[in-house]
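A.B. asks: Dropping a structure here in structure tokens format, bear with me for questions.
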Amino acid sequence: MSQPRLVEVRQRVLKQNDLLARELRECFHRAGVAVISFVSSPGAGKTALLETVLTRLQPEYRVAALVGDLATENDAVRLARSGAPVRQIVTGTVCHLDAQMVQRALDGGAGFSLESLDFLFIENVGNLVCPSSYDLGENLRFVLMSVTEGEDKPLKYPTIFYTADVAIIAKMDLAAATEFDLEAARRNIQSVRPGMPVICVSAKQGAGLEDLLGAITAVRKVSEAARA
Amino acid sequence: MHELSIANAIVEGVAEKAARCGITRVAAVHLSLGPLSGVVRDALLFAWPLAAEGTVAEGAPLVVADAPVTIFCSHCQAVTSPRSWRELVCSACGSAAGRVASGTELEVTAFEVDDDEPATVG
Ligand SMILES: Nc1nc2c(ncn2[C@@H]2O[C@H](COP(=O)(O)OP(=O)(O)O)[C@@H](O)[C@H]2O)c(=O)[nH]1
Ligand SMILES: [Mg+2]
Ligand SMILES: [Zn+2]
């Protein structure tokens with residue numbers, strides 16, 4: 001009988017994605033575009049918020065968006081109402097975006113060139129689990145939780161909070177109606193990601209938008225300083 | 001669930017390394033998996049046989065070693081295991097100023113082959 005022998009590998013499973021994401025990040029940097037992604041469970045309010053953000057930034061900045069969706073183009077249509085160029089990434093059965101999908105969307109004539117942009121936004125597929133494993137090369141990742149989902153999302157999905165940079169608590173206009181406990185939500189976020197900045201917003205009523213826009217434009221200042 | 005794409009990526013990595021070494025059959029695959037990797041162990045184990053089918057790893061079990069979560073504390077410089085990976089608090093001084101030092105692993109550490117396979121070259 002033959003004896004088993006061990007062959008050492010030591011390789012990150014998502015090495016290909018990580019390498020490609022790094023390439024994308026360098027390419028974004030060279031083009032002078034700040035790239036910001038949004039992740040959340042389905043229906044937390046990514047598209048509504050992004051539509052507002054695209055509209056509000058446009059007088060001053062050149063913006064565009066990529067939006068991942070399993071099947072439909074509804075979100076792309078909603079975002080295009082802002083007047084910004086939008087490209088849909090239909091993921092089919094895949095429940096997350098990966099770096100290759102982003103690269104393909106950009107290579108396939110996204111309707112804009114990176115050099116002509118100040119900001120590129122990416123709306124990930126609605127999912128709090130799978131997107132956490134895939135770096136897209138973005139400069140900043142927002143994770144949204146809406147007040148209608150309860151306070152314990154961070155405890156149930158710590159990894160997505162761990163891989164994101166800033167937490168957004170969305171639909172604050174419904175906080176009273178849903179008896180949302182903001183302090184508990186903040187505690188849960190800090191518990192899984194100590195020091196994580198939190199921004200409370202309502203896309204419907206506009207509360208907190210200035211804070212959000214401030215966090216977004218700050219990314220650009222940082223990347224400009226890095227290039228200078 | 002993205003565990004099937006993860007399982008496929010594992011198989012790809014193993015098949016590539018095996019091909020470089022001239023290995024035609026893999027007997028087992030060892031994976032290090034941290035709770036902060038975003039990958040669910042049971043879903044991955046469920047997807048594994050499907051991904052391995054028709055490849056060099058067909059029939060080989062996926063052996064998963066759970067990597068512990070540890071955090072580095074910027075207050076007291078200690079590296080400790082938090083009581084829970086949902087509560088990243090330094091076990092030494094109780095401060096919440098921790099940075100994750102390990103626990104995000106999603107890494108193929110090794111695979112097993114029978115001794116009649118060629119010796120490793122690459
Ligand atoms: N009341 C309220 N409803 C919102 C807000 N933001 C989004 N919604 C609603 O929540 C639903 C899902 O929003 P959508 O932007 O499609 O979520 P997505 O799946 O994360 O992109 C829609 O019916 C929106 O009108 C908000 O700030 N307040
Ligand atoms: Mg949407
Ligand atoms: Zn400490």
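Naming scheme: A, B, ... for chains in displayed order of the structure tokens; residues 1 onward per chain; ligands 1 onward as shown.
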Excluding Val79 (chain B) and its own-chain neighbours fewer than 2 positions away, which residues fall within 10 Å of it when counting only C-alpha atoms? Please give them as a list in words.
C.D. replies: Thr70, Ile71, Phe72, Cys73, Ser74, Cys76, Gln77, Ser81, Pro82, Cys90, Ser91, Ala92, Gly98, Arg99, Val100, Ala101 and Ser102 of chain B
A.B. asks: Atoms to include: C-alpha atoms. Write the selected residues as a compact mmCIF listing (two decimals), in the first residue's frame.
C.D. replies:
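New file selection-v3.txt:
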```
# COMPACT_ATOMS: atom_id res chain seq x y z
CA THR B 70 -6.93 36.99 17.16
CA ILE B 71 -6.71 40.73 17.57
CA PHE B 72 -3.79 43.04 18.07
CA CYS B 73 -4.49 45.68 20.70
CA SER B 74 -3.20 49.16 19.94
CA CYS B 76 -1.45 47.28 25.30
CA GLN B 77 0.15 45.69 22.20
CA SER B 81 -8.24 35.80 21.20
CA PRO B 82 -11.46 37.71 21.83
CA CYS B 90 -8.85 42.88 23.84
CA SER B 91 -8.83 40.04 26.38
CA ALA B 92 -5.80 41.51 28.12
CA GLY B 98 -8.21 46.04 18.30
CA ARG B 99 -7.07 45.27 14.79
CA VAL B 100 -7.75 41.77 13.47
CA ALA B 101 -4.48 39.83 13.32
CA SER B 102 -5.91 36.53 12.12
```
A.B. asks: Counting only C-alpha atoms, which residues of chain B fall within 7 Å of chain A, and what is the closest atom pair for each with its distance in Å at one decimal, ordered by chain and rising number, as JSON lines?
C.D. replies:
```
{"residue": "B:Met1", "atom": "CA", "partner": "A:Cys130", "partner_atom": "CA", "distance": 6.6}
{"residue": "B:His2", "atom": "CA", "partner": "A:Cys130", "partner_atom": "CA", "distance": 5.7}
{"residue": "B:Ala9", "atom": "CA", "partner": "A:Val13", "partner_atom": "CA", "distance": 6.0}
{"residue": "B:Ile10", "atom": "CA", "partner": "A:Val13", "partner_atom": "CA", "distance": 5.6}
{"residue": "B:Leu36", "atom": "CA", "partner": "A:Thr159", "partner_atom": "CA", "distance": 5.2}
{"residue": "B:Ser37", "atom": "CA", "partner": "A:Ser133", "partner_atom": "CA", "distance": 6.3}
{"residue": "B:Gly38", "atom": "CA", "partner": "A:Ser133", "partner_atom": "CA", "distance": 5.6}
{"residue": "B:Arg86", "atom": "CA", "partner": "A:Val192", "partner_atom": "CA", "distance": 5.0}
{"residue": "B:Glu87", "atom": "CA", "partner": "A:Ser191", "partner_atom": "CA", "distance": 4.7}
{"residue": "B:Leu88", "atom": "CA", "partner": "A:Val192", "partner_atom": "CA", "distance": 5.7}
{"residue": "B:Ala96", "atom": "CA", "partner": "A:Pro194", "partner_atom": "CA", "distance": 5.7}
{"residue": "B:Ala97", "atom": "CA", "partner": "A:Pro194", "partner_atom": "CA", "distance": 6.0}
{"residue": "B:Gly98", "atom": "CA", "partner": "A:Pro194", "partner_atom": "CA", "distance": 6.9}
{"residue": "B:Leu106", "atom": "CA", "partner": "A:Arg12", "partner_atom": "CA", "distance": 5.9}
{"residue": "B:Glu107", "atom": "CA", "partner": "A:Arg12", "partner_atom": "CA", "distance": 4.2}
{"residue": "B:Val108", "atom": "CA", "partner": "A:Gln11", "partner_atom": "CA", "distance": 5.3}
{"residue": "B:Thr109", "atom": "CA", "partner": "A:Arg10", "partner_atom": "CA", "distance": 4.2}
{"residue": "B:Ala110", "atom": "CA", "partner": "A:Glu8", "partner_atom": "CA", "distance": 4.2}
{"residue": "B:Phe111", "atom": "CA", "partner": "A:Val7", "partner_atom": "CA", "distance": 5.3}
{"residue": "B:Glu112", "atom": "CA", "partner": "A:Leu6", "partner_atom": "CA", "distance": 4.5}
{"residue": "B:Val113", "atom": "CA", "partner": "A:Arg5", "partner_atom": "CA", "distance": 5.2}
{"residue": "B:Asp114", "atom": "CA", "partner": "A:Pro4", "partner_atom": "CA", "distance": 4.3}
{"residue": "B:Asp115", "atom": "CA", "partner": "A:Gln3", "partner_atom": "CA", "distance": 5.3}
{"residue": "B:Asp116", "atom": "CA", "partner": "A:Ser2", "partner_atom": "CA", "distance": 6.6}
```
A.B. asks: Would you export the selected residues with C-alpha atoms as a short mmCIF file (atom, residue, chain, number, x, y, z; two decimals), in the first residue's frame, please?
C.D. replies:
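out-v6.cif, freshly written:
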```cif
data_model
loop_
_atom_site.label_atom_id
_atom_site.label_comp_id
_atom_site.auth_asym_id
_atom_site.auth_seq_id
_atom_site.Cartn_x
_atom_site.Cartn_y
_atom_site.Cartn_z
CA MET B 1 -24.38 31.28 -1.55
CA HIS B 2 -21.00 31.77 -3.08
CA ALA B 9 -11.49 28.37 -6.89
CA ILE B 10 -10.00 25.83 -4.44
CA LEU B 36 -14.01 36.33 9.22
CA SER B 37 -13.46 34.94 5.72
CA GLY B 38 -17.13 35.23 4.90
CA ARG B 86 -18.62 39.15 17.24
CA GLU B 87 -17.04 41.20 19.98
CA LEU B 88 -13.53 42.32 19.09
CA ALA B 96 -11.93 47.90 21.96
CA ALA B 97 -9.09 49.32 19.90
CA GLY B 98 -8.21 46.04 18.30
CA LEU B 106 -9.28 31.28 3.29
CA GLU B 107 -6.21 29.42 2.21
CA VAL B 108 -5.29 26.06 0.76
CA THR B 109 -2.46 24.98 3.01
CA ALA B 110 -1.59 21.62 1.40
CA PHE B 111 -2.89 18.58 -0.36
CA GLU B 112 -2.16 14.89 0.07
CA VAL B 113 -1.03 12.57 -2.69
CA ASP B 114 -0.26 8.87 -2.73
CA ASP B 115 3.41 8.01 -2.64
CA ASP B 116 3.45 6.62 -6.18
#
```
A.B. asks: Given the choices B:Glu16, B:Asp42, B:Glu117, B:Glu105, which gets closest to Thr55 (chain B) if the distance is worked out from only C-alpha atoms?
C.D. replies: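 Of B:Glu16, B:Asp42, B:Glu117, B:Glu105, the one nearest Thr55 (chain B), counting only C-alpha atoms, is B:Glu16.
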A.B. asks: Measuring atom to atom with only C-alpha atoms, identify which of B:Ala19, B:His75, B:Ala57, B:Pro118 is nearest to Gly94 (chain B).
C.D. replies: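 Among the listed residues, the smallest separation from Gly94 (chain B) belongs to B:His75.
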A.B. asks: Enter the distance from CA of Gly34 (chain B) to CA of Val147 (chain A), in Å, rounded to one decimal.
C.D. replies: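 Between CA of Gly34 (chain B) and CA of Val147 (chain A) the gap works out to 29.5 Å.
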A.B. asks: Work out how far CA of Gln88 (chain A) is from atom 15 (O, counted along the ligand's line) of ligand 1, in Å to one decimal.
C.D. replies: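 Between atom 15 (O, counted along the ligand's line) of ligand 1 and CA of Gln88 (chain A) the gap is 15.1 Å.
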A.B. asks: Within 10 Å of ligand 2, which residues of chain A come that close, and what is the closest atom pair and distance in Å for each? Count only C-alpha atoms and all ligand atoms and give it as CSV.
C.D. replies:
```
residue,atom,partner,partner_atom_place_in_ligand_line,distance
A:Phe38,CA,ligand 2,1 (Mg),9.5
A:Val39,CA,ligand 2,1 (Mg),9.5
A:Ser40,CA,ligand 2,1 (Mg),9.1
A:Ser41,CA,ligand 2,1 (Mg),9.5
A:Pro42,CA,ligand 2,1 (Mg),7.0
A:Gly43,CA,ligand 2,1 (Mg),6.7
A:Ala44,CA,ligand 2,1 (Mg),8.2
A:Gly45,CA,ligand 2,1 (Mg),6.7
A:Lys46,CA,ligand 2,1 (Mg),5.3
A:Thr47,CA,ligand 2,1 (Mg),4.2
A:Ala48,CA,ligand 2,1 (Mg),7.4
A:Leu49,CA,ligand 2,1 (Mg),9.3
A:Leu50,CA,ligand 2,1 (Mg),8.8
A:Glu51,CA,ligand 2,1 (Mg),9.9
A:Val67,CA,ligand 2,1 (Mg),7.7
A:Gly68,CA,ligand 2,1 (Mg),8.2
A:Asp69,CA,ligand 2,1 (Mg),7.6
A:Glu73,CA,ligand 2,1 (Mg),9.8
A:Asn74,CA,ligand 2,1 (Mg),8.1
A:Asp75,CA,ligand 2,1 (Mg),5.3
A:Ala76,CA,ligand 2,1 (Mg),8.4
A:Arg78,CA,ligand 2,1 (Mg),8.9
A:Leu79,CA,ligand 2,1 (Mg),9.2
A:Glu123,CA,ligand 2,1 (Mg),7.0
A:Asn124,CA,ligand 2,1 (Mg),8.1
A:Val125,CA,ligand 2,1 (Mg),7.5
A:Gly126,CA,ligand 2,1 (Mg),6.9
```
A.B. asks: Would you write out those residues with C-alpha atoms, as a PDB file, in the first residue's frame?
C.D. replies:
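Saved result, again.pdb, follows:
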```pdb
ATOM      1  CA  PHE A  38     -22.374  50.047  -1.426  1.00  0.00           C
ATOM      2  CA  VAL A  39     -23.342  46.681   0.060  1.00  0.00           C
ATOM      3  CA  SER A  40     -26.426  45.690   2.040  1.00  0.00           C
ATOM      4  CA  SER A  41     -29.194  43.147   2.223  1.00  0.00           C
ATOM      5  CA  PRO A  42     -31.798  43.446  -0.563  1.00  0.00           C
ATOM      6  CA  GLY A  43     -34.074  46.444  -0.069  1.00  0.00           C
ATOM      7  CA  ALA A  44     -31.985  48.284   2.532  1.00  0.00           C
ATOM      8  CA  GLY A  45     -31.987  51.340   0.296  1.00  0.00           C
ATOM      9  CA  LYS A  46     -28.775  51.298  -1.756  1.00  0.00           C
ATOM     10  CA  THR A  47     -30.377  52.399  -5.018  1.00  0.00           C
ATOM     11  CA  ALA A  48     -32.492  55.130  -3.410  1.00  0.00           C
ATOM     12  CA  LEU A  49     -29.465  56.541  -1.615  1.00  0.00           C
ATOM     13  CA  LEU A  50     -27.213  56.282  -4.631  1.00  0.00           C
ATOM     14  CA  GLU A  51     -29.741  58.034  -6.841  1.00  0.00           C
ATOM     15  CA  VAL A  67     -24.855  48.354 -10.551  1.00  0.00           C
ATOM     16  CA  GLY A  68     -24.900  44.617  -9.942  1.00  0.00           C
ATOM     17  CA  ASP A  69     -28.200  42.796 -10.112  1.00  0.00           C
ATOM     18  CA  GLU A  73     -32.228  46.334 -15.035  1.00  0.00           C
ATOM     19  CA  ASN A  74     -34.628  48.203 -12.743  1.00  0.00           C
ATOM     20  CA  ASP A  75     -31.921  49.681 -10.548  1.00  0.00           C
ATOM     21  CA  ALA A  76     -29.902  50.871 -13.541  1.00  0.00           C
ATOM     22  CA  ARG A  78     -33.628  54.275 -11.498  1.00  0.00           C
ATOM     23  CA  LEU A  79     -30.002  55.435 -11.194  1.00  0.00           C
ATOM     24  CA  GLU A 123     -23.891  49.057  -6.092  1.00  0.00           C
ATOM     25  CA  ASN A 124     -23.232  45.453  -5.147  1.00  0.00           C
ATOM     26  CA  VAL A 125     -25.828  42.681  -5.335  1.00  0.00           C
ATOM     27  CA  GLY A 126     -28.153  42.733  -2.310  1.00  0.00           C
TER      28      GLY A 126
END
```
A.B. asks: Pick out the closest residue to ligand 3 from this set: B:Val69, B:Ala43, B:Cys93, B:Val14. Count only C-alpha atoms and all ligand atoms.
C.D. replies: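 Of the candidates, the smallest distance to ligand 3 is held by B:Cys93.
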A.B. asks: Could you please write out, as a PDB file with C-alpha atoms, in the first residue's frame, every residue of chain B that DSSP assigns to strand (DSSP E or B)?
C.D. replies:
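And here's selection-v4.pdb as it stands now:
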```pdb
ATOM      1  CA  ALA B  28      -7.155  15.070   0.243  1.00  0.00           C
ATOM      2  CA  VAL B  29      -7.143  18.869   0.302  1.00  0.00           C
ATOM      3  CA  HIS B  30      -6.361  20.905   3.427  1.00  0.00           C
ATOM      4  CA  LEU B  31      -7.921  24.292   3.915  1.00  0.00           C
ATOM      5  CA  SER B  32      -7.430  26.887   6.624  1.00  0.00           C
ATOM      6  CA  LEU B  33     -10.678  28.788   7.213  1.00  0.00           C
ATOM      7  CA  LEU B  62     -11.790  18.663   1.899  1.00  0.00           C
ATOM      8  CA  VAL B  63     -10.223  18.850   5.348  1.00  0.00           C
ATOM      9  CA  VAL B  64     -11.077  22.187   6.968  1.00  0.00           C
ATOM     10  CA  ALA B  65      -8.987  23.553   9.845  1.00  0.00           C
ATOM     11  CA  ASP B  66     -10.665  26.424  11.675  1.00  0.00           C
ATOM     12  CA  THR B  70      -6.929  36.987  17.157  1.00  0.00           C
ATOM     13  CA  ILE B  71      -6.715  40.732  17.568  1.00  0.00           C
ATOM     14  CA  PHE B  72      -3.790  43.040  18.067  1.00  0.00           C
ATOM     15  CA  CYS B  73      -4.493  45.676  20.702  1.00  0.00           C
ATOM     16  CA  VAL B  79      -2.323  39.725  20.657  1.00  0.00           C
ATOM     17  CA  THR B  80      -5.281  37.912  22.175  1.00  0.00           C
ATOM     18  CA  SER B  84     -16.314  36.020  20.640  1.00  0.00           C
ATOM     19  CA  GLU B  87     -17.036  41.197  19.983  1.00  0.00           C
ATOM     20  CA  GLY B  98      -8.211  46.035  18.296  1.00  0.00           C
ATOM     21  CA  ARG B  99      -7.070  45.270  14.787  1.00  0.00           C
ATOM     22  CA  VAL B 100      -7.748  41.765  13.467  1.00  0.00           C
ATOM     23  CA  ALA B 101      -4.478  39.827  13.320  1.00  0.00           C
ATOM     24  CA  SER B 102      -5.907  36.532  12.117  1.00  0.00           C
ATOM     25  CA  LEU B 106      -9.275  31.275   3.294  1.00  0.00           C
ATOM     26  CA  GLU B 107      -6.207  29.424   2.214  1.00  0.00           C
ATOM     27  CA  VAL B 108      -5.290  26.058   0.760  1.00  0.00           C
ATOM     28  CA  THR B 109      -2.457  24.984   3.011  1.00  0.00           C
ATOM     29  CA  ALA B 110      -1.589  21.623   1.404  1.00  0.00           C
ATOM     30  CA  PHE B 111      -2.893  18.581  -0.364  1.00  0.00           C
ATOM     31  CA  GLU B 112      -2.160  14.890   0.071  1.00  0.00           C
ATOM     32  CA  VAL B 113      -1.029  12.570  -2.688  1.00  0.00           C
ATOM     33  CA  ASP B 114      -0.258   8.868  -2.731  1.00  0.00           C
TER      34      ASP B 114
END
```
A.B. asks: Closest to Gln205 (chain A) among A:Lys153, A:Arg62, A:Arg141, A:Lys171, using only C-alpha atoms?
C.D. replies: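 Among A:Lys153, A:Arg62, A:Arg141, A:Lys171, it is A:Lys171 that comes nearest to Gln205 (chain A).
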A.B. asks: Tell me, as a PyMOL selection string, which residues lie within 7 Å of Val198 (chain A), counting only C-alpha atoms; anything in the same chain fewer than 2 positions away does not count.
C.D. replies: chain A and resi 166-168+196+200
A.B. asks: Export all heavy atoms of the chosen residues as a CSV table (one decimal), in the first residue's frame?
C.D. replies:
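Just written: result-v1.csv:
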```csv
chain,number,residue,atom,x,y,z
A,166,VAL,N,-17.2,52.1,6.3
A,166,VAL,CA,-18.2,53.0,7.0
A,166,VAL,C,-19.5,52.3,7.0
A,166,VAL,O,-19.9,51.7,6.0
A,166,VAL,CB,-18.3,54.4,6.2
A,166,VAL,CG1,-19.3,55.3,6.9
A,166,VAL,CG2,-16.9,55.1,6.2
A,167,ALA,N,-20.2,52.4,8.1
A,167,ALA,CA,-21.6,51.9,8.2
A,167,ALA,C,-22.6,53.0,8.0
A,167,ALA,O,-22.4,54.1,8.5
A,167,ALA,CB,-21.8,51.2,9.6
A,168,ILE,N,-23.6,52.7,7.2
A,168,ILE,CA,-24.7,53.7,7.0
A,168,ILE,C,-26.0,53.1,7.6
A,168,ILE,O,-26.3,51.9,7.3
A,168,ILE,CB,-25.0,54.0,5.5
A,168,ILE,CG1,-23.7,54.7,4.9
A,168,ILE,CG2,-26.2,54.8,5.3
A,168,ILE,CD1,-23.8,54.9,3.4
A,196,MET,N,-15.5,51.9,13.9
A,196,MET,CA,-16.1,52.1,12.6
A,196,MET,C,-17.0,53.4,12.6
A,196,MET,O,-17.9,53.6,13.4
A,196,MET,CB,-17.0,50.9,12.2
A,196,MET,CG,-17.6,51.0,10.8
A,196,MET,SD,-18.5,49.5,10.4
A,196,MET,CE,-18.0,49.3,8.7
A,200,CYS,N,-26.0,58.2,9.8
A,200,CYS,CA,-27.5,57.9,9.8
A,200,CYS,C,-28.1,58.8,8.7
A,200,CYS,O,-27.9,60.0,8.7
A,200,CYS,CB,-28.1,58.2,11.1
A,200,CYS,SG,-27.4,57.3,12.5
```
A.B. asks: CA of Ile169 (chain A) and atom 27 (O, counted along the ligand's line) of ligand 1 are how many Å apart?
C.D. replies: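 Distance between the two atoms: 9.4 Å.
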A.B. asks: Hey, which of A:Asp211, A:Asp107, A:Asp152, A:Asp173 ends up closest to ligand 1? Count only C-alpha atoms and all ligand atoms.
C.D. replies: A:Asp173
